[in-house]
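Below is the file run_39.tsv, which contains TSV, C-alpha atoms.
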chain	number	residue	atom	x	y	z
B	26	MET	CA	39.56	-3.66	5.63
B	27	ASN	CA	37.83	-6.60	4.00
B	28	PRO	CA	34.34	-5.96	2.56
B	29	MET	CA	32.60	-8.06	5.19
B	30	MET	CA	34.21	-6.15	8.05
B	31	GLU	CA	33.36	-2.92	6.28
B	32	VAL	CA	29.68	-3.86	6.04
B	33	LYS	CA	29.70	-4.93	9.68
B	34	LEU	CA	31.17	-1.59	10.69
B	35	GLU	CA	28.67	0.33	8.57
B	36	LEU	CA	25.84	-1.67	10.13
B	37	ASP	CA	27.14	-0.72	13.55
B	38	LEU	CA	27.26	2.94	12.53
B	39	MET	CA	23.65	2.69	11.41
B	40	ARG	CA	22.65	1.00	14.68
B	41	LEU	CA	24.46	3.74	16.58
B	42	LEU	CA	22.61	6.41	14.65
B	43	HIS	CA	19.28	4.74	15.40
B	44	GLY	CA	20.06	4.18	19.07
B	45	GLU	CA	20.03	0.41	18.54
B	46	LEU	CA	23.62	-0.38	19.40
B	47	PRO	CA	24.35	-1.89	22.83
B	48	GLU	CA	25.95	0.75	25.07
B	49	GLU	CA	29.30	-0.99	25.37
B	50	ARG	CA	29.76	-1.30	21.62
B	51	ALA	CA	28.48	2.27	21.16
B	52	ARG	CA	31.22	3.56	23.50
B	53	GLU	CA	33.84	1.59	21.58
B	54	LEU	CA	32.64	2.93	18.26
B	55	ARG	CA	32.58	6.53	19.48
B	56	ALA	CA	36.15	6.15	20.69
B	57	GLN	CA	37.11	4.60	17.35
B	58	MET	CA	35.57	7.56	15.51
B	59	GLU	CA	37.65	9.96	17.56
B	60	ARG	CA	40.78	8.19	16.38
B	61	ASP	CA	39.64	7.67	12.80
B	62	PRO	CA	38.46	10.78	10.93
B	63	ALA	CA	37.36	8.71	7.92
B	64	LEU	CA	35.05	6.67	10.13
B	65	ALA	CA	33.72	9.85	11.74
B	66	GLU	CA	33.10	11.24	8.26
B	67	GLU	CA	31.28	8.07	7.30
B	68	TYR	CA	29.04	8.46	10.34
B	69	ARG	CA	28.38	12.12	9.52
B	70	ARG	CA	27.47	11.16	5.96
B	71	LEU	CA	25.08	8.47	7.17
B	72	GLN	CA	23.50	10.88	9.64
B	73	GLU	CA	23.04	13.53	6.96
B	74	SER	CA	21.42	11.08	4.55
B	75	TRP	CA	19.09	9.84	7.26
B	76	GLU	CA	18.05	13.29	8.38
B	77	ASP	CA	17.68	14.42	4.80
B	78	LEU	CA	14.84	11.95	4.33
B	79	ALA	CA	11.65	13.92	4.80
B	80	LEU	CA	8.05	13.54	3.77
B	81	PRO	CA	5.30	16.15	3.85
B	82	PRO	CA	2.73	16.08	6.63
B	83	THR	CA	-0.09	13.69	5.89
B	84	ALA	CA	-3.74	14.68	5.52
B	85	PRO	CA	-5.66	15.19	8.77
B	86	VAL	CA	-8.09	12.56	10.03
B	87	PRO	CA	-11.40	13.22	8.24
B	88	PRO	CA	-14.17	14.31	10.63
B	89	GLY	CA	-16.44	11.44	11.66
B	90	PHE	CA	-13.99	8.78	10.44
B	91	ALA	CA	-14.34	6.57	13.53
B	92	GLN	CA	-18.12	6.84	13.43
B	93	ARG	CA	-18.24	5.86	9.76
B	94	VAL	CA	-16.00	2.86	10.37
B	95	THR	CA	-18.15	1.82	13.35
B	96	ALA	CA	-21.28	2.19	11.23
B	97	ARG	CA	-19.80	-0.11	8.62
B	98	SER	CA	-18.85	-2.64	11.27
B	99	ARG	CA	-22.44	-2.56	12.57
B	100	ALA	CA	-23.74	-3.10	9.06
B	101	GLU	CA	-21.45	-6.12	8.72
B	102	GLN	CA	-22.58	-7.44	12.07
B	103	THR	CA	-26.21	-7.10	11.05
B	104	ALA	CA	-25.61	-8.69	7.71
B	105	SER	CA	-24.00	-11.66	9.44
B	106	THR	CA	-27.06	-12.21	11.67
B	107	PRO	CA	-28.59	-15.57	10.65
B	108	GLY	CA	-31.26	-15.23	7.97
B	109	TRP	CA	-33.95	-16.99	10.00
B	110	VAL	CA	-33.55	-14.49	12.84
B	111	ARG	CA	-33.99	-11.58	10.45
B	112	THR	CA	-36.94	-13.26	8.77
B	113	ALA	CA	-38.61	-14.00	12.12
B	114	ALA	CA	-38.07	-10.39	13.24
B	115	ALA	CA	-39.59	-9.03	10.06
B	116	LEU	CA	-42.55	-11.44	10.27
B	117	ALA	CA	-43.16	-10.42	13.87
B	118	LEU	CA	-43.07	-6.78	12.84
B	119	ILE	CA	-45.47	-7.28	9.94
B	120	LEU	CA	-47.77	-9.43	12.06
B	121	GLY	CA	-47.73	-6.82	14.81
B	122	THR	CA	-48.62	-4.07	12.36
B	123	ILE	CA	-51.51	-6.13	10.90
B	124	VAL	CA	-52.85	-6.97	14.34
B	125	GLY	CA	-52.44	-3.36	15.43
B	126	ALA	CA	-54.32	-2.15	12.35
B	127	GLY	CA	-57.07	-4.75	13.00
B	128	VAL	CA	-57.77	-3.30	16.43
B	129	GLY	CA	-57.77	0.23	15.10
B	130	TRP	CA	-54.29	1.24	16.11
B	131	THR	CA	-51.93	2.59	13.51
B	132	PRO	CA	-48.35	3.31	14.40
B	133	ALA	CA	-47.50	7.00	14.09
B	134	ALA	CA	-44.58	6.20	11.90
B	135	ASP	CA	-42.68	3.14	10.81
B	136	PRO	CA	-39.89	2.98	13.41
B	137	ILE	CA	-37.67	1.23	10.94
B	138	GLN	CA	-38.13	4.04	8.43
B	139	GLU	CA	-37.38	6.55	11.17
B	140	GLU	CA	-34.27	4.62	12.02
B	141	GLU	CA	-33.28	4.69	8.40
B	142	LEU	CA	-33.50	8.45	8.42
B	143	SER	CA	-31.68	8.94	11.68
B	144	THR	CA	-28.84	6.40	11.67
B	145	VAL	CA	-25.58	7.12	9.99
B	146	ASP	CA	-25.14	3.66	8.66
B	147	GLY	CA	-28.70	2.68	7.95
B	148	SER	CA	-27.77	-0.84	9.00
B	149	LEU	CA	-31.20	-1.61	10.49
B	150	ALA	CA	-32.85	-0.31	7.40
B	151	GLU	CA	-30.53	-2.39	5.31
B	152	SER	CA	-31.40	-5.46	7.35
B	153	TYR	CA	-35.09	-4.64	7.06
B	154	LEU	CA	-34.87	-4.29	3.29
B	155	THR	CA	-32.81	-7.46	3.00
B	156	THR	CA	-35.44	-9.29	5.02
B	157	LEU	CA	-38.20	-7.97	2.85
B	158	GLU	CA	-36.28	-9.09	-0.21
B	159	ASP	CA	-35.93	-12.51	1.41
B	160	LEU	CA	-39.68	-12.69	1.92
B	161	GLU	CA	-40.52	-11.94	-1.67
B	162	PRO	CA	-41.47	-15.06	-3.63
W	220	MET	CA	9.22	-9.55	21.31
W	221	GLY	CA	6.67	-10.20	23.99
W	222	ALA	CA	8.27	-8.03	26.67
W	223	ASP	CA	5.35	-5.61	26.67
W	224	LEU	CA	2.80	-8.41	26.50
W	225	PRO	CA	0.20	-7.58	29.13
W	226	THR	CA	0.45	-3.78	29.09
W	227	ASP	CA	-1.74	-2.62	26.24
W	228	PRO	CA	-5.34	-2.03	27.34
W	229	GLY	CA	-6.27	-2.18	23.66
W	230	TRP	CA	-6.41	-5.97	23.95
W	231	ASP	CA	-9.21	-5.67	26.52
W	232	ALA	CA	-11.01	-3.32	24.16
W	233	LEU	CA	-10.65	-5.92	21.41
W	234	GLU	CA	-12.12	-8.56	23.69
W	235	ARG	CA	-15.13	-6.32	24.22
W	236	VAL	CA	-15.34	-5.73	20.47
W	237	ALA	CA	-15.43	-9.49	19.98
W	238	ALA	CA	-18.31	-9.64	22.46
W	239	GLY	CA	-20.23	-7.17	20.31
W	240	ASP	CA	-19.41	-3.88	22.05
W	241	THR	CA	-19.34	-1.39	19.17
W	242	GLY	CA	-18.60	1.46	21.57
W	243	ALA	CA	-15.30	-0.25	22.39
W	244	PHE	CA	-14.65	-0.51	18.67
W	245	THR	CA	-15.23	3.22	18.16
W	246	GLY	CA	-12.79	3.90	20.98
W	247	LEU	CA	-10.21	1.63	19.39
W	248	VAL	CA	-10.59	3.37	16.02
W	249	GLU	CA	-10.30	6.78	17.65
W	250	THR	CA	-7.12	5.74	19.45
W	251	HIS	CA	-5.36	4.44	16.37
W	252	GLN	CA	-6.93	6.27	13.42
W	253	GLU	CA	-4.30	8.98	13.17
W	254	ARG	CA	-1.29	6.69	13.00
W	255	LEU	CA	-3.06	4.17	10.75
W	256	LEU	CA	-4.15	6.83	8.27
W	257	ARG	CA	-0.65	8.27	8.31
W	258	LEU	CA	0.98	4.90	7.70
W	259	CYS	CA	-1.41	4.04	4.86
W	260	GLU	CA	-0.81	7.40	3.23
W	261	ARG	CA	2.95	7.00	3.56
W	262	LEU	CA	2.76	3.57	1.95
W	263	LEU	CA	0.22	4.35	-0.74
W	264	GLY	CA	1.07	7.99	-1.40
W	265	ASP	CA	-2.56	8.92	-1.81
W	266	PRO	CA	-4.74	10.26	1.03
W	267	GLU	CA	-8.03	9.10	-0.43
W	268	GLU	CA	-6.81	5.59	-1.04
W	269	ALA	CA	-5.28	5.71	2.43
W	270	ARG	CA	-8.67	6.48	3.98
W	271	ASP	CA	-10.22	3.47	2.28
W	272	ALA	CA	-7.29	1.31	3.28
W	273	ALA	CA	-7.37	2.45	6.92
W	274	GLN	CA	-11.10	1.77	7.05
W	275	GLU	CA	-10.49	-1.69	5.67
W	276	VAL	CA	-7.76	-2.28	8.27
W	277	PHE	CA	-10.14	-1.46	11.10
W	278	LEU	CA	-12.88	-3.64	9.63
W	279	LYS	CA	-10.45	-6.53	9.35
W	280	ALA	CA	-9.49	-5.94	12.98
W	281	PHE	CA	-13.18	-5.96	13.87
W	282	ARG	CA	-13.68	-9.30	12.14
W	283	LYS	CA	-10.56	-10.80	13.72
W	284	ALA	CA	-11.14	-9.38	17.22
W	285	GLY	CA	-12.23	-12.73	18.58
W	286	GLU	CA	-9.35	-14.69	17.08
W	287	VAL	CA	-6.30	-12.57	17.76
W	288	ARG	CA	-3.84	-13.66	20.42
W	289	PRO	CA	-2.70	-10.72	22.56
W	290	MET	CA	0.97	-10.14	21.92
W	291	GLY	CA	2.86	-6.86	22.17
W	292	GLN	CA	1.00	-3.70	21.35
W	293	VAL	CA	-2.32	-3.51	19.54
W	294	TYR	CA	-1.00	-0.92	17.14
W	295	THR	CA	1.76	-3.23	15.89
W	296	TRP	CA	-0.93	-5.77	15.05
W	297	LEU	CA	-2.93	-3.08	13.26
W	298	TYR	CA	0.23	-1.93	11.46
W	299	ARG	CA	0.81	-5.48	10.26
W	300	ILE	CA	-2.67	-5.63	8.78
W	301	ALA	CA	-2.12	-2.19	7.21
W	302	VAL	CA	1.25	-3.06	5.66
W	303	ASN	CA	-0.11	-6.25	4.10
W	304	LEU	CA	-3.22	-4.53	2.83
W	305	CYS	CA	-1.31	-1.58	1.36
W	306	PHE	CA	1.18	-3.86	-0.36
W	307	ASN	CA	-1.65	-5.83	-1.90
W	308	LYS	CA	-3.10	-2.58	-3.17
W	309	LEU	CA	0.26	-1.50	-4.55
W	310	ARG	CA	0.72	-4.85	-6.29
W	311	ARG	CA	-2.73	-4.55	-7.84
W	312	ARG	CA	-1.92	-1.00	-8.89
W	313	LYS	CA	1.31	-2.13	-10.54
W	314	LEU	CA	-0.47	-4.97	-12.29
W	315	VAL	CA	-3.15	-2.65	-13.65
W	316	ARG	CA	-0.47	-0.26	-14.92
W	317	PHE	CA	1.44	-3.13	-16.46
W	318	LEU	CA	-1.67	-4.40	-18.22
W	319	ARG	CA	-2.36	-0.90	-19.51
W	320	PHE	CA	1.27	-0.42	-20.55
W	321	GLU	CA	1.51	2.59	-18.26
W	322	THR	CA	4.63	3.72	-16.47
W	323	ASP	CA	4.85	5.95	-13.45
W	324	PRO	CA	8.35	6.47	-12.12
W	325	GLU	CA	7.02	8.60	-9.25
W	326	GLU	CA	4.76	5.85	-7.96
W	327	PRO	CA	3.69	5.70	-5.19
W	328	GLY	CA	4.70	9.22	-4.39
W	329	ALA	CA	2.23	11.50	-6.11
W	330	PRO	CA	-0.28	12.38	-3.43
W	331	ALA	CA	-3.30	14.47	-4.24
W	332	PHE	CA	-2.97	16.17	-0.88
W	333	ASP	CA	-0.79	19.22	-1.14
W	334	PRO	CA	-0.03	20.11	2.47
W	335	PRO	CA	-0.01	23.73	3.48
W	336	ASP	CA	3.42	24.89	4.40
W	337	ALA	CA	3.67	26.72	7.68
W	338	ARG	CA	7.16	28.03	6.98
W	339	PRO	CA	7.16	31.80	6.63
W	340	ASP	CA	10.45	31.77	4.79
W	341	PRO	CA	9.92	30.92	1.12
W	342	ILE	CA	13.45	29.62	0.69
W	343	SER	CA	13.11	27.07	3.50
W	344	ALA	CA	9.64	26.17	2.20
W	345	LEU	CA	11.14	25.54	-1.21
W	346	GLU	CA	13.95	23.52	0.32
W	347	ALA	CA	11.43	21.43	2.29
W	348	ARG	CA	9.49	20.69	-0.87
W	349	ARG	CA	12.67	19.71	-2.67
W	350	ARG	CA	13.47	17.26	0.13
W	351	TRP	CA	9.94	15.82	0.13
W	352	GLN	CA	10.06	15.31	-3.59
W	353	SER	CA	13.48	13.72	-3.54
W	354	THR	CA	12.53	11.43	-0.64
W	355	ARG	CA	9.33	10.34	-2.35
W	356	LYS	CA	11.22	9.54	-5.51
W	357	ALA	CA	13.89	7.63	-3.63
W	358	ILE	CA	11.37	5.65	-1.59
W	359	ALA	CA	9.32	4.84	-4.67
W	360	LYS	CA	12.31	3.14	-6.24
W	361	LEU	CA	12.85	0.80	-3.29
W	362	PRO	CA	11.58	-2.78	-3.29
W	363	ASP	CA	8.43	-3.16	-1.15
W	364	ASN	CA	10.17	-4.90	1.75
W	365	GLN	CA	12.86	-2.20	2.06
W	366	ARG	CA	10.32	0.58	1.69
W	367	ALA	CA	8.19	-0.82	4.50
W	368	VAL	CA	11.13	-1.03	6.89
W	369	LEU	CA	12.29	2.47	6.05
W	370	ILE	CA	8.84	3.99	6.54
W	371	LEU	CA	8.28	2.18	9.82
W	372	VAL	CA	11.65	3.10	11.29
W	373	ARG	CA	12.29	6.54	9.81
W	374	PHE	CA	8.81	7.99	9.63
W	375	GLU	CA	6.82	6.02	12.19
W	376	GLY	CA	9.67	6.01	14.71
W	377	LEU	CA	9.49	2.28	15.39
W	378	SER	CA	12.44	0.47	16.92
W	379	TYR	CA	13.99	-2.42	15.02
W	380	ARG	CA	12.19	-4.81	17.35
W	381	GLN	CA	8.81	-3.19	16.75
W	382	ALA	CA	9.36	-3.07	12.99
W	383	ALA	CA	10.32	-6.75	13.08
W	384	GLU	CA	7.14	-7.51	14.99
W	385	VAL	CA	4.99	-5.63	12.48
W	386	LEU	CA	6.57	-7.31	9.48
W	387	GLY	CA	6.91	-10.73	11.03
W	388	ILE	CA	10.65	-10.85	10.38
W	389	THR	CA	13.78	-10.90	12.54
W	390	GLU	CA	15.53	-7.80	13.83
W	391	GLY	CA	18.51	-8.83	11.71
W	392	ALA	CA	16.32	-8.73	8.62
W	393	VAL	CA	15.10	-5.25	9.60
W	394	GLU	CA	18.70	-4.05	9.91
W	395	SER	CA	19.72	-5.59	6.65
W	396	ARG	CA	16.76	-4.17	4.71
W	397	LEU	CA	17.27	-0.76	6.22
W	398	PHE	CA	20.94	-0.87	5.39
W	399	ARG	CA	20.30	-1.85	1.80
W	400	ALA	CA	17.61	0.82	1.48
W	401	MET	CA	19.94	3.53	2.73
W	402	ARG	CA	22.75	2.42	0.46
W	403	ARG	CA	20.43	2.50	-2.49
W	404	ILE	CA	19.05	5.92	-1.61
W	405	GLU	CA	22.54	7.35	-1.15
W	406	ALA	CA	23.69	5.90	-4.45
W	407	ASP	CA	20.64	7.39	-6.21
W	408	GLN	CA	21.21	10.76	-4.60
W	409	ASP	CA	24.87	10.72	-5.56
W	410	ARG	CA	23.90	9.95	-9.14
W	411	GLU	CA	21.35	12.76	-9.18
W	412	ASP	CA	23.80	15.22	-7.66
W	413	ALA	CA	26.41	14.20	-10.16
W	414	GLN	CA	23.98	14.84	-13.01
W	415	GLU	CA	22.83	18.18	-11.60
W	416	LYS	CA	26.07	19.63	-10.34
W	417	GLY	CA	28.66	17.55	-11.99
W	418	ALA	CA	29.92	16.27	-8.62
W	419	PRO	CA	28.53	13.85	-6.01
W	420	ARG	CA	27.18	15.22	-2.76
W	421	PHE	CA	28.99	12.59	-0.72
W	422	PRO	CA	32.07	11.71	-2.70
W	423	ARG	CA	33.14	8.19	-1.91
W	424	THR	CA	36.54	6.78	-2.52
W	425	GLU	CA	37.20	3.10	-2.87
W	426	GLY	CA	38.91	1.48	0.09
W	427	LYS	CA	39.05	4.62	2.19
W	428	ARG	CA	39.23	2.56	5.35

Write out the structure in this file as structure tokens.
Amino acid sequence: MNPMMEVKLELDLMRLLHGELPEERARELRAQMERDPALAEEYRRLQESWEDLALPPTAPVPPGFAQRVTARSRAEQTASTPGWVRTAAALALILGTIVGAGVGWTPAADPIQEEELSTVDGSLAESYLTTLEDLEP
Amino acid sequence: MGADLPTDPGWDALERVAAGDTGAFTGLVETHQERLLRLCERLLGDPEEARDAAQEVFLKAFRKAGEVRPMGQVYTWLYRIAVNLCFNKLRRRKLVRFLRFETDPEEPGAPAFDPPDARPDPISALEARRRWQSTRKAIAKLPDNQRAVLILVRFEGLSYRQAAEVLGITEGAVESRLFRAMRRIEADQDREDAQEKGAPRFPRTEGKR
């Protein structure tokens, strides 16, 4: 058999092994293997090599993976909010606090700081700090 | 390639992600995290690096959610991002080693994670470890494009069509790469067997057919 035909036949054997050969050709090849022990042996060899390939189980999904990824995506989203929006929000917050203090009302706690403590990603806190940095001369 | 075009509800989830629904994004990550982490670990050979890579894959998907054109299954799109990202990491790793004059013939198959073996029989456990080690070594020697095809088809159970979709190549190219990979692995194993036992495991004779 010429080398090209040999490669073609080996490719068909591989396709058969992987369930990728059209049914008609698969039937032909199975019949051919029954008549040709060398071809059947070639198929057995290919099958053994394929099944011999094994890798250990991979590490389990770390707990909280999806939440951490989501937190990072939120942080990115926040960071991509236009600067003027963040600046305006921070100014409004500061102005509100000053006005509140002027009329004798003091917030029980800085909600942003609370958020910083409670959120996994701290994205609001990050945005807050970035805004404050932006406001510095 | 587009036979399963409208079926994957993941595309709707991605649309919601693009509209700013982070809950939809969490759901998407939860659906695909296991297979993505597994693929990255198979490609990189290191669970910690795989975690970083998988995270990066999802973040890229998050950024691209509004641009992607629904085609096939969402996971094949995510796989494509993962394969490209992992190969970039491997190339960087090789470059760093080259610049430091380091060699690592086992690369990328030296994972820090040593999986517990559930087999009660120590002989079969030993045999399993021998096979893992030999497969890792064989895969590490393959060129990137052959390694990717082999991992996707053999270990991720993808069809040729799906692997082609992930890699952006034709089914014929998948077949050819897989074929070359298997030939190479068999030749390596024959050589190893010959060195160990003095005889090849699968003796081949020229022109037997």

What are the closest atom pairs, with distances in Å to one decimal, for each residue of chain B lying within 10 Å of chain W, using all atoms listed in the file, rows by chain and rising residue number, as a Markdown table?
| residue | atom | partner | partner_atom | distance |
| --- | --- | --- | --- | --- |
| B:Met26 | CA | W:Arg428 | CA | 6.2 |
| B:Asn27 | CA | W:Gly426 | CA | 9.0 |
| B:Pro28 | CA | W:Gly426 | CA | 9.1 |
| B:Glu31 | CA | W:Arg428 | CA | 8.1 |
| B:Val32 | CA | W:Phe398 | CA | 9.3 |
| B:Glu35 | CA | W:Phe398 | CA | 8.4 |
| B:Leu36 | CA | W:Phe398 | CA | 6.9 |
| B:Asp37 | CA | W:Glu394 | CA | 9.8 |
| B:Met39 | CA | W:Phe398 | CA | 7.5 |
| B:Arg40 | CA | W:Glu394 | CA | 8.0 |
| B:His43 | CA | W:Ser378 | CA | 8.2 |
| B:Gly44 | CA | W:Ser378 | CA | 8.7 |
| B:Glu45 | CA | W:Tyr379 | CA | 7.5 |
| B:Asp61 | CA | W:Arg428 | CA | 9.0 |
| B:Pro62 | CA | W:Arg428 | CA | 10.0 |
| B:Ala63 | CA | W:Arg428 | CA | 6.9 |
| B:Leu64 | CA | W:Arg428 | CA | 7.6 |
| B:Glu66 | CA | W:Phe421 | CA | 10.0 |
| B:Glu67 | CA | W:Arg423 | CA | 9.4 |
| B:Arg70 | CA | W:Phe421 | CA | 7.0 |
| B:Leu71 | CA | W:Met401 | CA | 8.4 |
| B:Glu73 | CA | W:Phe421 | CA | 9.8 |
| B:Ser74 | CA | W:Glu405 | CA | 6.9 |
| B:Trp75 | CA | W:Met401 | CA | 7.8 |
| B:Glu76 | CA | W:Arg373 | CA | 9.0 |
| B:Asp77 | CA | W:Arg350 | CA | 6.9 |
| B:Leu78 | CA | W:Thr354 | CA | 5.5 |
| B:Ala79 | CA | W:Trp351 | CA | 5.3 |
| B:Leu80 | CA | W:Trp351 | CA | 4.7 |
| B:Pro81 | CA | W:Trp351 | CA | 6.0 |
| B:Pro82 | CA | W:Pro334 | CA | 6.4 |
| B:Thr83 | CA | W:Arg257 | CA | 6.0 |
| B:Ala84 | CA | W:Pro266 | CA | 6.4 |
| B:Pro85 | CA | W:Glu253 | CA | 7.7 |
| B:Val86 | CA | W:Glu253 | CA | 6.1 |
| B:Pro87 | CA | W:Arg270 | CA | 8.4 |
| B:Gly89 | CA | W:Glu249 | CA | 9.8 |
| B:Phe90 | CA | W:Gln252 | CA | 8.1 |
| B:Ala91 | CA | W:Val248 | CA | 5.5 |
| B:Gln92 | CA | W:Thr245 | CA | 6.6 |
| B:Arg93 | CA | W:Gln274 | CA | 8.7 |
| B:Val94 | CA | W:Gln274 | CA | 6.0 |
| B:Thr95 | CA | W:Thr245 | CA | 5.8 |
| B:Ala96 | CA | W:Thr241 | CA | 8.9 |
| B:Arg97 | CA | W:Leu278 | CA | 7.8 |
| B:Ser98 | CA | W:Leu278 | CA | 6.3 |
| B:Arg99 | CA | W:Thr241 | CA | 7.4 |
| B:Glu101 | CA | W:Leu278 | CA | 9.0 |
| B:Gln102 | CA | W:Gly239 | CA | 8.6 |

Residues of the last selection are to be written out with C-alpha atoms, as a PDB file, in the coordinates of the input.
ATOM      1  CA  MET B  26      39.560  -3.660   5.630  1.00  0.00           C
ATOM      2  CA  ASN B  27      37.830  -6.600   4.000  1.00  0.00           C
ATOM      3  CA  PRO B  28      34.340  -5.960   2.560  1.00  0.00           C
ATOM      4  CA  GLU B  31      33.360  -2.920   6.280  1.00  0.00           C
ATOM      5  CA  VAL B  32      29.680  -3.860   6.040  1.00  0.00           C
ATOM      6  CA  GLU B  35      28.670   0.330   8.570  1.00  0.00           C
ATOM      7  CA  LEU B  36      25.840  -1.670  10.130  1.00  0.00           C
ATOM      8  CA  ASP B  37      27.140  -0.720  13.550  1.00  0.00           C
ATOM      9  CA  MET B  39      23.650   2.690  11.410  1.00  0.00           C
ATOM     10  CA  ARG B  40      22.650   1.000  14.680  1.00  0.00           C
ATOM     11  CA  HIS B  43      19.280   4.740  15.400  1.00  0.00           C
ATOM     12  CA  GLY B  44      20.060   4.180  19.070  1.00  0.00           C
ATOM     13  CA  GLU B  45      20.030   0.410  18.540  1.00  0.00           C
ATOM     14  CA  ASP B  61      39.640   7.670  12.800  1.00  0.00           C
ATOM     15  CA  PRO B  62      38.460  10.780  10.930  1.00  0.00           C
ATOM     16  CA  ALA B  63      37.360   8.710   7.920  1.00  0.00           C
ATOM     17  CA  LEU B  64      35.050   6.670  10.130  1.00  0.00           C
ATOM     18  CA  GLU B  66      33.100  11.240   8.260  1.00  0.00           C
ATOM     19  CA  GLU B  67      31.280   8.070   7.300  1.00  0.00           C
ATOM     20  CA  ARG B  70      27.470  11.160   5.960  1.00  0.00           C
ATOM     21  CA  LEU B  71      25.080   8.470   7.170  1.00  0.00           C
ATOM     22  CA  GLU B  73      23.040  13.530   6.960  1.00  0.00           C
ATOM     23  CA  SER B  74      21.420  11.080   4.550  1.00  0.00           C
ATOM     24  CA  TRP B  75      19.090   9.840   7.260  1.00  0.00           C
ATOM     25  CA  GLU B  76      18.050  13.290   8.380  1.00  0.00           C
ATOM     26  CA  ASP B  77      17.680  14.420   4.800  1.00  0.00           C
ATOM     27  CA  LEU B  78      14.840  11.950   4.330  1.00  0.00           C
ATOM     28  CA  ALA B  79      11.650  13.920   4.800  1.00  0.00           C
ATOM     29  CA  LEU B  80       8.050  13.540   3.770  1.00  0.00           C
ATOM     30  CA  PRO B  81       5.300  16.150   3.850  1.00  0.00           C
ATOM     31  CA  PRO B  82       2.730  16.080   6.630  1.00  0.00           C
ATOM     32  CA  THR B  83      -0.090  13.690   5.890  1.00  0.00           C
ATOM     33  CA  ALA B  84      -3.740  14.680   5.520  1.00  0.00           C
ATOM     34  CA  PRO B  85      -5.660  15.190   8.770  1.00  0.00           C
ATOM     35  CA  VAL B  86      -8.090  12.560  10.030  1.00  0.00           C
ATOM     36  CA  PRO B  87     -11.400  13.220   8.240  1.00  0.00           C
ATOM     37  CA  GLY B  89     -16.440  11.440  11.660  1.00  0.00           C
ATOM     38  CA  PHE B  90     -13.990   8.780  10.440  1.00  0.00           C
ATOM     39  CA  ALA B  91     -14.340   6.570  13.530  1.00  0.00           C
ATOM     40  CA  GLN B  92     -18.120   6.840  13.430  1.00  0.00           C
ATOM     41  CA  ARG B  93     -18.240   5.860   9.760  1.00  0.00           C
ATOM     42  CA  VAL B  94     -16.000   2.860  10.370  1.00  0.00           C
ATOM     43  CA  THR B  95     -18.150   1.820  13.350  1.00  0.00           C
ATOM     44  CA  ALA B  96     -21.280   2.190  11.230  1.00  0.00           C
ATOM     45  CA  ARG B  97     -19.800  -0.110   8.620  1.00  0.00           C
ATOM     46  CA  SER B  98     -18.850  -2.640  11.270  1.00  0.00           C
ATOM     47  CA  ARG B  99     -22.440  -2.560  12.570  1.00  0.00           C
ATOM     48  CA  GLU B 101     -21.450  -6.120   8.720  1.00  0.00           C
ATOM     49  CA  GLN B 102     -22.580  -7.440  12.070  1.00  0.00           C
TER      50      GLN B 102
END

Computed gap from atom CA of W:Ala272 to atom CA of W:Glu384 is 20.6 Å

Stretch 73-82 of chain B: axis-aligned bounding box, 6 Å on each side, centre and edge lengths in Å, one decimal, as JSON:
{"center_x": 12.9, "center_y": 13.0, "center_z": 6.1, "size_x": 32.3, "size_y": 18.3, "size_z": 16.6}

Measure the distance from atom CA of W:Gly291 to atom CA of B:Leu41 in Å and round it to one decimal.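 So the answer is 24.7 Å.
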
In Å and to one decimal, atom CA of W:Thr295 is distant from atom CA of B:Ala51 by 27.8 Å
